[in-house]
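Shown next: target.cif, containing mmCIF, N, CA and C atoms.
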data_data
#
loop_
_atom_site.label_atom_id
_atom_site.label_comp_id
_atom_site.auth_asym_id
_atom_site.auth_seq_id
_atom_site.Cartn_x
_atom_site.Cartn_y
_atom_site.Cartn_z
N MET S 1 -209.78 79.96 135.47
CA MET S 1 -208.60 79.18 135.13
C MET S 1 -207.38 79.69 135.88
N ARG S 2 -207.36 80.98 136.16
CA ARG S 2 -206.21 81.53 136.91
C ARG S 2 -206.09 80.87 138.28
N ARG S 3 -207.21 80.62 138.96
CA ARG S 3 -207.16 79.95 140.27
C ARG S 3 -206.66 78.52 140.11
N ALA S 4 -207.09 77.85 139.07
CA ALA S 4 -206.63 76.48 138.81
C ALA S 4 -205.11 76.47 138.58
N ILE S 5 -204.60 77.47 137.88
CA ILE S 5 -203.15 77.56 137.66
C ILE S 5 -202.41 77.76 138.98
N ALA S 6 -202.97 78.59 139.86
CA ALA S 6 -202.35 78.79 141.18
C ALA S 6 -202.32 77.47 141.96
N LEU S 7 -203.39 76.70 141.86
CA LEU S 7 -203.43 75.40 142.55
C LEU S 7 -202.45 74.42 141.93
N ALA S 8 -202.27 74.49 140.62
CA ALA S 8 -201.29 73.63 139.94
C ALA S 8 -199.89 73.94 140.47
N ARG S 9 -199.60 75.21 140.65
CA ARG S 9 -198.30 75.60 141.21
C ARG S 9 -198.12 75.01 142.60
N ARG S 10 -199.19 74.98 143.38
CA ARG S 10 -199.14 74.41 144.73
C ARG S 10 -198.79 72.92 144.66
N ALA S 11 -199.40 72.23 143.69
CA ALA S 11 -199.09 70.80 143.51
C ALA S 11 -197.63 70.62 143.14
N GLY S 12 -197.15 71.41 142.20
CA GLY S 12 -195.75 71.32 141.77
C GLY S 12 -194.78 71.57 142.90
N ALA S 13 -195.09 72.55 143.75
CA ALA S 13 -194.22 72.86 144.89
C ALA S 13 -194.15 71.70 145.88
N ALA S 14 -195.20 70.87 145.89
CA ALA S 14 -195.24 69.72 146.79
C ALA S 14 -194.65 68.47 146.14
N GLY S 15 -194.12 68.63 144.91
CA GLY S 15 -193.53 67.49 144.21
C GLY S 15 -194.52 66.67 143.42
N GLU S 16 -195.74 67.15 143.31
CA GLU S 16 -196.77 66.48 142.53
C GLU S 16 -196.80 67.06 141.12
N VAL S 17 -197.31 66.30 140.17
CA VAL S 17 -197.48 66.83 138.81
C VAL S 17 -198.39 68.06 138.92
N PRO S 18 -197.96 69.19 138.38
CA PRO S 18 -198.69 70.46 138.59
C PRO S 18 -199.98 70.57 137.78
N VAL S 19 -201.05 70.08 138.38
CA VAL S 19 -202.39 70.19 137.80
C VAL S 19 -203.30 70.73 138.88
N GLY S 20 -204.11 71.71 138.53
CA GLY S 20 -205.08 72.29 139.46
C GLY S 20 -206.45 72.35 138.83
N ALA S 21 -207.48 72.37 139.68
CA ALA S 21 -208.86 72.40 139.18
C ALA S 21 -209.77 73.14 140.14
N VAL S 22 -210.79 73.78 139.59
CA VAL S 22 -211.84 74.40 140.39
C VAL S 22 -213.19 74.07 139.79
N VAL S 23 -214.18 73.96 140.66
CA VAL S 23 -215.57 73.80 140.23
C VAL S 23 -216.28 75.11 140.54
N VAL S 24 -216.96 75.63 139.54
CA VAL S 24 -217.69 76.89 139.67
C VAL S 24 -219.18 76.63 139.48
N ALA S 25 -219.98 77.15 140.39
CA ALA S 25 -221.44 77.07 140.29
C ALA S 25 -222.02 78.43 140.66
N ASP S 26 -222.95 78.89 139.88
CA ASP S 26 -223.59 80.19 140.13
C ASP S 26 -222.56 81.31 140.29
N GLY S 27 -221.49 81.24 139.50
CA GLY S 27 -220.48 82.30 139.48
C GLY S 27 -219.48 82.28 140.62
N ALA S 28 -219.50 81.25 141.45
CA ALA S 28 -218.58 81.19 142.59
C ALA S 28 -217.86 79.85 142.61
N ILE S 29 -216.61 79.87 143.08
CA ILE S 29 -215.86 78.62 143.25
C ILE S 29 -216.46 77.87 144.43
N VAL S 30 -216.89 76.63 144.19
CA VAL S 30 -217.49 75.82 145.24
C VAL S 30 -216.62 74.62 145.61
N GLY S 31 -215.57 74.41 144.84
CA GLY S 31 -214.64 73.32 145.14
C GLY S 31 -213.34 73.54 144.40
N GLU S 32 -212.25 73.17 145.02
CA GLU S 32 -210.96 73.28 144.37
C GLU S 32 -210.08 72.13 144.78
N GLY S 33 -209.11 71.83 143.91
CA GLY S 33 -208.21 70.73 144.20
C GLY S 33 -206.97 70.81 143.35
N TRP S 34 -205.99 70.05 143.72
CA TRP S 34 -204.73 69.95 142.99
C TRP S 34 -204.27 68.51 143.10
N ASN S 35 -203.37 68.11 142.20
CA ASN S 35 -202.89 66.74 142.22
C ASN S 35 -202.25 66.43 143.57
N ARG S 36 -202.65 65.28 144.16
CA ARG S 36 -202.12 64.86 145.45
C ARG S 36 -201.96 63.35 145.57
N PRO S 37 -201.80 62.61 144.47
CA PRO S 37 -201.72 61.16 144.64
C PRO S 37 -200.51 60.69 145.44
N ILE S 38 -199.40 61.39 145.33
CA ILE S 38 -198.20 60.98 146.07
C ILE S 38 -198.36 61.29 147.55
N THR S 39 -198.71 62.53 147.87
CA THR S 39 -198.80 62.92 149.28
C THR S 39 -199.97 62.26 150.00
N SER S 40 -201.03 61.92 149.27
CA SER S 40 -202.19 61.28 149.92
C SER S 40 -202.13 59.76 149.82
N ALA S 41 -201.14 59.22 149.08
CA ALA S 41 -201.04 57.78 148.83
C ALA S 41 -202.36 57.25 148.29
N ASP S 42 -202.91 57.99 147.31
CA ASP S 42 -204.21 57.64 146.73
C ASP S 42 -204.17 57.95 145.24
N ALA S 43 -204.20 56.91 144.43
CA ALA S 43 -204.11 57.08 142.97
C ALA S 43 -205.26 57.89 142.40
N THR S 44 -206.37 58.01 143.12
CA THR S 44 -207.52 58.76 142.62
C THR S 44 -207.49 60.24 142.98
N SER S 45 -206.45 60.68 143.64
CA SER S 45 -206.37 62.08 144.08
C SER S 45 -205.83 63.00 142.99
N HIS S 46 -206.51 62.99 141.86
CA HIS S 46 -206.19 63.95 140.80
C HIS S 46 -206.87 65.28 141.13
N ALA S 47 -206.42 66.33 140.51
CA ALA S 47 -206.97 67.66 140.77
C ALA S 47 -208.48 67.70 140.58
N GLU S 48 -208.96 67.08 139.50
CA GLU S 48 -210.39 67.10 139.21
C GLU S 48 -211.20 66.39 140.29
N THR S 49 -210.74 65.20 140.71
CA THR S 49 -211.50 64.47 141.71
C THR S 49 -211.48 65.19 143.06
N GLU S 50 -210.36 65.81 143.38
CA GLU S 50 -210.29 66.58 144.62
C GLU S 50 -211.27 67.77 144.58
N ALA S 51 -211.32 68.46 143.46
CA ALA S 51 -212.23 69.61 143.31
C ALA S 51 -213.68 69.16 143.33
N ILE S 52 -213.98 68.06 142.68
CA ILE S 52 -215.35 67.53 142.65
C ILE S 52 -215.77 67.11 144.05
N ARG S 53 -214.90 66.42 144.77
CA ARG S 53 -215.23 66.00 146.14
C ARG S 53 -215.54 67.22 147.02
N ALA S 54 -214.71 68.25 146.93
CA ALA S 54 -214.93 69.46 147.73
C ALA S 54 -216.24 70.14 147.34
N ALA S 55 -216.53 70.20 146.05
CA ALA S 55 -217.78 70.84 145.59
C ALA S 55 -219.00 70.05 146.04
N CYS S 56 -218.92 68.73 145.98
CA CYS S 56 -220.04 67.90 146.44
C CYS S 56 -220.29 68.09 147.93
N ARG S 57 -219.21 68.16 148.71
CA ARG S 57 -219.37 68.41 150.15
C ARG S 57 -220.03 69.76 150.38
N ALA S 58 -219.57 70.78 149.65
CA ALA S 58 -220.13 72.13 149.81
C ALA S 58 -221.60 72.16 149.42
N ALA S 59 -221.96 71.41 148.38
CA ALA S 59 -223.35 71.41 147.90
C ALA S 59 -224.24 70.47 148.72
N GLY S 60 -223.61 69.57 149.45
CA GLY S 60 -224.40 68.57 150.18
C GLY S 60 -225.09 67.62 149.23
N ASN S 61 -224.47 67.40 148.06
CA ASN S 61 -225.08 66.58 147.03
C ASN S 61 -223.98 66.03 146.13
N TYR S 62 -224.16 64.82 145.64
CA TYR S 62 -223.16 64.26 144.74
C TYR S 62 -223.37 64.68 143.30
N ARG S 63 -224.43 65.41 143.05
CA ARG S 63 -224.72 65.93 141.72
C ARG S 63 -224.40 67.42 141.68
N LEU S 64 -223.68 67.82 140.65
CA LEU S 64 -223.27 69.21 140.48
C LEU S 64 -223.82 69.75 139.16
N THR S 65 -225.07 69.47 138.91
CA THR S 65 -225.72 69.84 137.66
C THR S 65 -225.56 71.34 137.40
N GLY S 66 -225.10 71.65 136.19
CA GLY S 66 -224.94 73.04 135.81
C GLY S 66 -223.60 73.65 136.18
N ALA S 67 -222.78 72.93 136.92
CA ALA S 67 -221.48 73.47 137.33
C ALA S 67 -220.48 73.37 136.18
N THR S 68 -219.43 74.18 136.28
CA THR S 68 -218.33 74.14 135.32
C THR S 68 -217.05 73.76 136.06
N LEU S 69 -216.30 72.84 135.47
CA LEU S 69 -215.01 72.44 136.00
C LEU S 69 -213.93 73.07 135.14
N TYR S 70 -213.03 73.82 135.77
CA TYR S 70 -211.86 74.38 135.09
C TYR S 70 -210.65 73.59 135.56
N VAL S 71 -209.86 73.08 134.62
CA VAL S 71 -208.70 72.27 134.98
C VAL S 71 -207.56 72.60 134.02
N THR S 72 -206.35 72.59 134.54
CA THR S 72 -205.20 73.02 133.75
C THR S 72 -204.74 72.00 132.72
N LEU S 73 -205.17 70.75 132.84
CA LEU S 73 -204.77 69.69 131.92
C LEU S 73 -206.00 68.90 131.49
N GLU S 74 -206.02 68.50 130.26
CA GLU S 74 -207.12 67.68 129.72
C GLU S 74 -207.38 66.49 130.64
N PRO S 75 -208.63 66.25 130.99
CA PRO S 75 -208.95 65.15 131.92
C PRO S 75 -208.59 63.77 131.37
N CYS S 76 -208.25 62.89 132.31
CA CYS S 76 -208.00 61.49 132.00
C CYS S 76 -209.33 60.72 132.06
N MET S 77 -209.27 59.43 131.79
CA MET S 77 -210.47 58.60 131.78
C MET S 77 -211.14 58.54 133.15
N MET S 78 -210.35 58.39 134.20
CA MET S 78 -210.91 58.31 135.55
C MET S 78 -211.63 59.60 135.91
N CYS S 79 -210.99 60.72 135.66
CA CYS S 79 -211.58 62.00 136.02
C CYS S 79 -212.82 62.30 135.18
N THR S 80 -212.80 61.88 133.92
CA THR S 80 -213.97 62.08 133.08
C THR S 80 -215.14 61.27 133.61
N GLY S 81 -214.88 60.08 134.10
CA GLY S 81 -215.95 59.30 134.73
C GLY S 81 -216.53 60.03 135.93
N ALA S 82 -215.69 60.62 136.74
CA ALA S 82 -216.16 61.39 137.90
C ALA S 82 -216.96 62.61 137.46
N ILE S 83 -216.51 63.27 136.40
CA ILE S 83 -217.22 64.43 135.85
C ILE S 83 -218.62 64.01 135.42
N PHE S 84 -218.72 62.89 134.71
CA PHE S 84 -220.02 62.42 134.24
C PHE S 84 -220.92 62.02 135.40
N HIS S 85 -220.38 61.29 136.37
CA HIS S 85 -221.20 60.86 137.51
C HIS S 85 -221.68 62.04 138.34
N ALA S 86 -220.88 63.10 138.42
CA ALA S 86 -221.28 64.30 139.18
C ALA S 86 -222.25 65.17 138.38
N ARG S 87 -222.43 64.85 137.11
CA ARG S 87 -223.34 65.59 136.21
C ARG S 87 -222.89 67.03 135.97
N ILE S 88 -221.57 67.23 135.99
CA ILE S 88 -221.02 68.55 135.68
C ILE S 88 -221.40 68.89 134.24
N GLY S 89 -221.84 70.10 134.01
CA GLY S 89 -222.36 70.48 132.71
C GLY S 89 -221.33 70.94 131.70
N ARG S 90 -220.19 71.41 132.20
CA ARG S 90 -219.20 72.00 131.29
C ARG S 90 -217.80 71.78 131.86
N VAL S 91 -216.85 71.50 130.97
CA VAL S 91 -215.45 71.33 131.35
C VAL S 91 -214.62 72.25 130.48
N VAL S 92 -213.75 73.02 131.12
CA VAL S 92 -212.83 73.91 130.42
C VAL S 92 -211.43 73.50 130.86
N PHE S 93 -210.58 73.15 129.89
CA PHE S 93 -209.23 72.75 130.26
C PHE S 93 -208.19 73.56 129.51
N GLY S 94 -206.97 73.55 130.05
CA GLY S 94 -205.87 74.29 129.47
C GLY S 94 -205.11 73.48 128.45
N ALA S 95 -204.08 72.78 128.91
CA ALA S 95 -203.19 72.03 128.02
C ALA S 95 -203.78 70.67 127.64
N GLN S 96 -203.48 70.24 126.43
CA GLN S 96 -203.86 68.91 126.00
C GLN S 96 -202.91 67.90 126.63
N ASP S 97 -203.41 66.66 126.81
CA ASP S 97 -202.60 65.57 127.34
C ASP S 97 -202.50 64.48 126.28
N PRO S 98 -201.41 64.48 125.52
CA PRO S 98 -201.29 63.52 124.42
C PRO S 98 -201.08 62.07 124.86
N LYS S 99 -200.92 61.84 126.16
CA LYS S 99 -200.72 60.47 126.65
C LYS S 99 -201.98 59.87 127.26
N THR S 100 -202.74 60.66 128.02
CA THR S 100 -203.92 60.10 128.69
C THR S 100 -205.17 60.96 128.55
N GLY S 101 -205.14 61.98 127.75
CA GLY S 101 -206.30 62.87 127.62
C GLY S 101 -207.44 62.23 126.85
N VAL S 102 -208.64 62.35 127.41
CA VAL S 102 -209.81 61.73 126.77
C VAL S 102 -210.88 62.77 126.40
N ALA S 103 -210.43 63.99 126.13
CA ALA S 103 -211.34 65.02 125.61
C ALA S 103 -210.90 65.36 124.18
N GLY S 104 -210.30 64.38 123.51
CA GLY S 104 -209.91 64.56 122.13
C GLY S 104 -208.49 64.20 121.79
N SER S 105 -207.58 64.18 122.75
CA SER S 105 -206.17 63.89 122.44
C SER S 105 -205.93 62.42 122.12
N VAL S 106 -206.33 61.52 123.02
CA VAL S 106 -206.17 60.09 122.80
C VAL S 106 -207.51 59.48 122.40
N LEU S 107 -208.52 59.80 123.16
CA LEU S 107 -209.92 59.41 122.92
C LEU S 107 -210.77 60.64 123.13
N ASN S 108 -212.05 60.52 122.80
CA ASN S 108 -212.98 61.59 123.14
C ASN S 108 -214.21 60.99 123.81
N LEU S 109 -214.12 60.82 125.13
CA LEU S 109 -215.25 60.29 125.89
C LEU S 109 -216.40 61.29 125.97
N PHE S 110 -216.10 62.55 125.73
CA PHE S 110 -217.14 63.57 125.79
C PHE S 110 -218.06 63.49 124.57
N ASP S 111 -217.66 62.71 123.59
CA ASP S 111 -218.46 62.51 122.39
C ASP S 111 -218.86 61.04 122.26
N SER S 112 -219.11 60.40 123.38
CA SER S 112 -219.43 58.97 123.40
C SER S 112 -220.92 58.78 123.69
N PRO S 113 -221.41 57.57 123.53
CA PRO S 113 -222.84 57.31 123.80
C PRO S 113 -223.15 57.07 125.28
N LEU S 114 -222.28 57.51 126.17
CA LEU S 114 -222.53 57.34 127.60
C LEU S 114 -223.74 58.16 128.04
N ASN S 115 -224.25 57.84 129.20
CA ASN S 115 -225.48 58.44 129.70
C ASN S 115 -225.41 59.96 129.84
N HIS S 116 -224.36 60.48 130.42
CA HIS S 116 -224.24 61.92 130.64
C HIS S 116 -223.17 62.49 129.73
N HIS S 117 -223.39 63.70 129.31
CA HIS S 117 -222.39 64.41 128.52
C HIS S 117 -222.15 65.78 129.14
N ALA S 118 -220.96 66.28 128.95
CA ALA S 118 -220.62 67.63 129.38
C ALA S 118 -220.07 68.36 128.16
N ALA S 119 -220.36 69.62 128.04
CA ALA S 119 -219.73 70.43 127.01
C ALA S 119 -218.27 70.56 127.38
N VAL S 120 -217.40 70.59 126.40
CA VAL S 120 -215.97 70.66 126.70
C VAL S 120 -215.31 71.71 125.80
N GLU S 121 -214.40 72.46 126.41
CA GLU S 121 -213.64 73.48 125.69
C GLU S 121 -212.19 73.36 126.13
N GLY S 122 -211.29 73.18 125.19
CA GLY S 122 -209.89 73.04 125.51
C GLY S 122 -209.07 74.21 125.00
N GLY S 123 -207.85 74.30 125.49
CA GLY S 123 -206.92 75.30 125.01
C GLY S 123 -206.97 76.64 125.71
N VAL S 124 -207.70 76.75 126.82
CA VAL S 124 -207.78 78.01 127.55
C VAL S 124 -206.50 78.19 128.38
N LEU S 125 -205.77 79.24 128.09
CA LEU S 125 -204.46 79.50 128.71
C LEU S 125 -203.54 78.29 128.57
N ALA S 126 -203.63 77.63 127.41
CA ALA S 126 -202.90 76.39 127.18
C ALA S 126 -201.39 76.55 127.30
N GLU S 127 -200.85 77.64 126.79
CA GLU S 127 -199.40 77.82 126.86
C GLU S 127 -198.92 77.92 128.30
N GLU S 128 -199.64 78.69 129.11
CA GLU S 128 -199.26 78.84 130.52
C GLU S 128 -199.41 77.53 131.28
N CYS S 129 -200.51 76.82 131.03
CA CYS S 129 -200.73 75.53 131.68
C CYS S 129 -199.69 74.52 131.25
N GLY S 130 -199.38 74.48 129.96
CA GLY S 130 -198.38 73.56 129.45
C GLY S 130 -196.99 73.86 129.95
N ALA S 131 -196.67 75.15 130.10
CA ALA S 131 -195.35 75.54 130.60
C ALA S 131 -195.11 75.02 132.01
N LEU S 132 -196.14 75.01 132.84
CA LEU S 132 -196.00 74.47 134.20
C LEU S 132 -195.55 73.01 134.14
N LEU S 133 -196.17 72.25 133.27
CA LEU S 133 -195.85 70.83 133.14
C LEU S 133 -194.45 70.64 132.55
N LYS S 134 -194.12 71.38 131.50
CA LYS S 134 -192.80 71.25 130.88
C LYS S 134 -191.69 71.58 131.85
N THR S 135 -191.86 72.64 132.61
CA THR S 135 -190.86 73.04 133.60
C THR S 135 -190.70 71.97 134.68
N PHE S 136 -191.81 71.46 135.15
CA PHE S 136 -191.81 70.42 136.19
C PHE S 136 -191.05 69.18 135.72
N PHE S 137 -191.39 68.69 134.53
CA PHE S 137 -190.76 67.46 134.04
C PHE S 137 -189.31 67.69 133.62
N ALA S 138 -188.98 68.86 133.13
CA ALA S 138 -187.59 69.16 132.77
C ALA S 138 -186.70 69.13 134.01
N ALA S 139 -187.20 69.58 135.13
CA ALA S 139 -186.44 69.59 136.38
C ALA S 139 -186.23 68.17 136.91
N ARG S 140 -187.08 67.26 136.55
CA ARG S 140 -186.97 65.87 137.02
C ARG S 140 -186.02 65.04 136.19
N ARG S 141 -185.68 65.52 134.99
CA ARG S 141 -184.80 64.74 134.10
C ARG S 141 -183.35 64.97 134.37
#
So, in terms of structure tokens, how does the structure I just supplied come out?
Amino acid sequence: MRRAIALARRAGAAGEVPVGAVVVADGAIVGEGWNRPITSADATSHAETEAIRAACRAAGNYRLTGATLYVTLEPCMMCTGAIFHARIGRVVFGAQDPKTGVAGSVLNLFDSPLNHHAAVEGGVLAEECGALLKTFFAARR
């Protein structure tokens, strides 16, 4: 999660919402990403999708069975779909997202009858992850 926080800071420094993510497989980071929808002009460039894309390239496979995704903010619906399609086995997130989070805040897609499920754990370094977001949005107001 510490690496994901560092990547979130990178996103914030670029003017993006400060969210970072890493994919870990066999004890090593195999993909990482940070929010880049503004700089990439791509609405799908969330931290999770960027990390998943990098991990898939590294693995040479679109399936990341058994991998863990660490992300500083509760995943949204789009990212959860990507997590399920990649067959990621576990998701660990920091801060809850009361507006678009679908790991329990608004909805819980991780507890749905969809084909794939991932174990999910929230609240890891939540205060630190949440502080990044609060500071970022306070500066914009």
Val120 (chain S) surroundings by all atoms listed in the file, 8 Å radius, close-in-sequence under 6 positions cut, as a PDB file with N, CA and C atoms, in the frame of the given file:
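Writing the result to selection-v4.pdb gives the following:
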ATOM      1  N   GLY S  89    -221.840  70.100 134.010  1.00  0.00           N
ATOM      2  CA  GLY S  89    -222.360  70.480 132.710  1.00  0.00           C
ATOM      3  C   GLY S  89    -221.330  70.940 131.700  1.00  0.00           C
ATOM      4  N   ARG S  90    -220.190  71.410 132.200  1.00  0.00           N
ATOM      5  CA  ARG S  90    -219.200  72.000 131.290  1.00  0.00           C
ATOM      6  C   ARG S  90    -217.800  71.780 131.860  1.00  0.00           C
ATOM      7  N   VAL S  91    -216.850  71.500 130.970  1.00  0.00           N
ATOM      8  CA  VAL S  91    -215.450  71.330 131.350  1.00  0.00           C
ATOM      9  C   VAL S  91    -214.620  72.250 130.480  1.00  0.00           C
ATOM     10  N   VAL S  92    -213.750  73.020 131.120  1.00  0.00           N
ATOM     11  CA  VAL S  92    -212.830  73.910 130.420  1.00  0.00           C
ATOM     12  C   VAL S  92    -211.430  73.500 130.860  1.00  0.00           C
ATOM     13  N   PHE S  93    -210.580  73.150 129.890  1.00  0.00           N
ATOM     14  CA  PHE S  93    -209.230  72.750 130.260  1.00  0.00           C
ATOM     15  C   PHE S  93    -208.190  73.560 129.510  1.00  0.00           C
ATOM     16  N   ALA S 103    -210.430  63.990 126.130  1.00  0.00           N
ATOM     17  CA  ALA S 103    -211.340  65.020 125.610  1.00  0.00           C
ATOM     18  C   ALA S 103    -210.900  65.360 124.180  1.00  0.00           C
ATOM     19  N   PHE S 110    -216.100  62.550 125.730  1.00  0.00           N
ATOM     20  CA  PHE S 110    -217.140  63.570 125.790  1.00  0.00           C
ATOM     21  C   PHE S 110    -218.060  63.490 124.570  1.00  0.00           C
TER      22      PHE S 110
END
Would you kindly translate the PyMOL selection byres ((chain S and resi 47) around 5) into the concrete residues it picks from this file, as a list in words? Ala21, Gly33, Trp34, Asn35, Ser45, His46, Glu48, Thr49, Glu50 and Ala51 of chain S
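Separating atom C of Arg57 (chain S) from atom C of Leu73 (chain S) is a distance of 23.5 Å.
These are the residues of region 38-139 of chain S assigned strand (DSSP E or B) by DSSP from backbone coordinates: Thr68, Leu69, Tyr70, Val71, Thr72, Leu73, Arg90, Val91, Val92, Phe93, Gly94, Ala95, Ala103, Asn108, Ala119, Val120 and Glu121 of chain S.
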Picked residues, the PyMOL selection byres (((chain S and resi 1 and name CA) around 8) and name CA), as a short mmCIF file (atom, residue, chain, number, x, y, z; two decimals) with N, CA and C atoms, in the frame of the given file:
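selection.cif, freshly written:
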data_model
loop_
_atom_site.label_atom_id
_atom_site.label_comp_id
_atom_site.auth_asym_id
_atom_site.auth_seq_id
_atom_site.Cartn_x
_atom_site.Cartn_y
_atom_site.Cartn_z
N ARG S 2 -207.36 80.98 136.16
CA ARG S 2 -206.21 81.53 136.91
C ARG S 2 -206.09 80.87 138.28
N ARG S 3 -207.21 80.62 138.96
CA ARG S 3 -207.16 79.95 140.27
C ARG S 3 -206.66 78.52 140.11
N ALA S 4 -207.09 77.85 139.07
CA ALA S 4 -206.63 76.48 138.81
C ALA S 4 -205.11 76.47 138.58
N ILE S 5 -204.60 77.47 137.88
CA ILE S 5 -203.15 77.56 137.66
C ILE S 5 -202.41 77.76 138.98
N ALA S 21 -207.48 72.37 139.68
CA ALA S 21 -208.86 72.40 139.18
C ALA S 21 -209.77 73.14 140.14
N VAL S 22 -210.79 73.78 139.59
CA VAL S 22 -211.84 74.40 140.39
C VAL S 22 -213.19 74.07 139.79
N TYR S 70 -213.03 73.82 135.77
CA TYR S 70 -211.86 74.38 135.09
C TYR S 70 -210.65 73.59 135.56
N VAL S 71 -209.86 73.08 134.62
CA VAL S 71 -208.70 72.27 134.98
C VAL S 71 -207.56 72.60 134.02
N THR S 72 -206.35 72.59 134.54
CA THR S 72 -205.20 73.02 133.75
C THR S 72 -204.74 72.00 132.72
N GLY S 94 -206.97 73.55 130.05
CA GLY S 94 -205.87 74.29 129.47
C GLY S 94 -205.11 73.48 128.45
N VAL S 124 -207.70 76.75 126.82
CA VAL S 124 -207.78 78.01 127.55
C VAL S 124 -206.50 78.19 128.38
N LEU S 125 -205.77 79.24 128.09
CA LEU S 125 -204.46 79.50 128.71
C LEU S 125 -203.54 78.29 128.57
#
Using CA of Leu7 (chain S) and CA of Gly20 (chain S) as the two end points, give the distance in Å to one decimal. 4.7 Å
Rounded to one decimal in Å, what is the spacing between CA of Thr39 (chain S) and CA of Ala82 (chain S)? 20.8 Å
Which residue out of S:Glu32, S:Glu74, S:Ala25, S:Ile88 has the minimum interatomic distance to Ser105 (chain S) when all atoms listed in the file are used? S:Glu74
I need the output of the PyMOL selection byres ((chain S and resi 64) around 6.5) for this file as a VMD selection string; which residues are they? chain S and resid 61 to 63 65 to 67 86 to 89
Residues from last step as file, N, CA and C atoms, as a short mmCIF file (atom, residue, chain, number, x, y, z; two decimals), in the coordinates of the input:
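Heads up, here's the output in selection-v7.cif:
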data_model
loop_
_atom_site.label_atom_id
_atom_site.label_comp_id
_atom_site.auth_asym_id
_atom_site.auth_seq_id
_atom_site.Cartn_x
_atom_site.Cartn_y
_atom_site.Cartn_z
N ASN S 61 -224.47 67.40 148.06
CA ASN S 61 -225.08 66.58 147.03
C ASN S 61 -223.98 66.03 146.13
N TYR S 62 -224.16 64.82 145.64
CA TYR S 62 -223.16 64.26 144.74
C TYR S 62 -223.37 64.68 143.30
N ARG S 63 -224.43 65.41 143.05
CA ARG S 63 -224.72 65.93 141.72
C ARG S 63 -224.40 67.42 141.68
N THR S 65 -225.07 69.47 138.91
CA THR S 65 -225.72 69.84 137.66
C THR S 65 -225.56 71.34 137.40
N GLY S 66 -225.10 71.65 136.19
CA GLY S 66 -224.94 73.04 135.81
C GLY S 66 -223.60 73.65 136.18
N ALA S 67 -222.78 72.93 136.92
CA ALA S 67 -221.48 73.47 137.33
C ALA S 67 -220.48 73.37 136.18
N ALA S 86 -220.88 63.10 138.42
CA ALA S 86 -221.28 64.30 139.18
C ALA S 86 -222.25 65.17 138.38
N ARG S 87 -222.43 64.85 137.11
CA ARG S 87 -223.34 65.59 136.21
C ARG S 87 -222.89 67.03 135.97
N ILE S 88 -221.57 67.23 135.99
CA ILE S 88 -221.02 68.55 135.68
C ILE S 88 -221.40 68.89 134.24
N GLY S 89 -221.84 70.10 134.01
CA GLY S 89 -222.36 70.48 132.71
C GLY S 89 -221.33 70.94 131.70
#
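Of the listed residues (S:Asn108, S:Glu128, S:Thr68, S:Lys99), S:Thr68 comes nearest to Asp26 (chain S); the distances count all atoms listed in the file.
Residue nearest Pro113 (chain S), chosen from S:Met78, S:Gly101, S:Leu132, S:Phe84 and counting only C-alpha atoms: S:Phe84.
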In region 38-82 of chain S, what's helix (DSSP H, G or I) per DSSP? Answer as a ChimeraX atom specification? /S:38-40,47-59,77-82
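Proximity to Cys79 (chain S) was assessed for S:Thr44, S:Ile38, S:Asp97, S:Ala58 counting only C-alpha atoms; the smallest distance is recorded for S:Thr44.
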Across S:Leu69, S:Leu107, S:Met77, S:Cys129, the smallest distance to Val19 (chain S), with only C-alpha atoms counted, is shown by S:Cys129
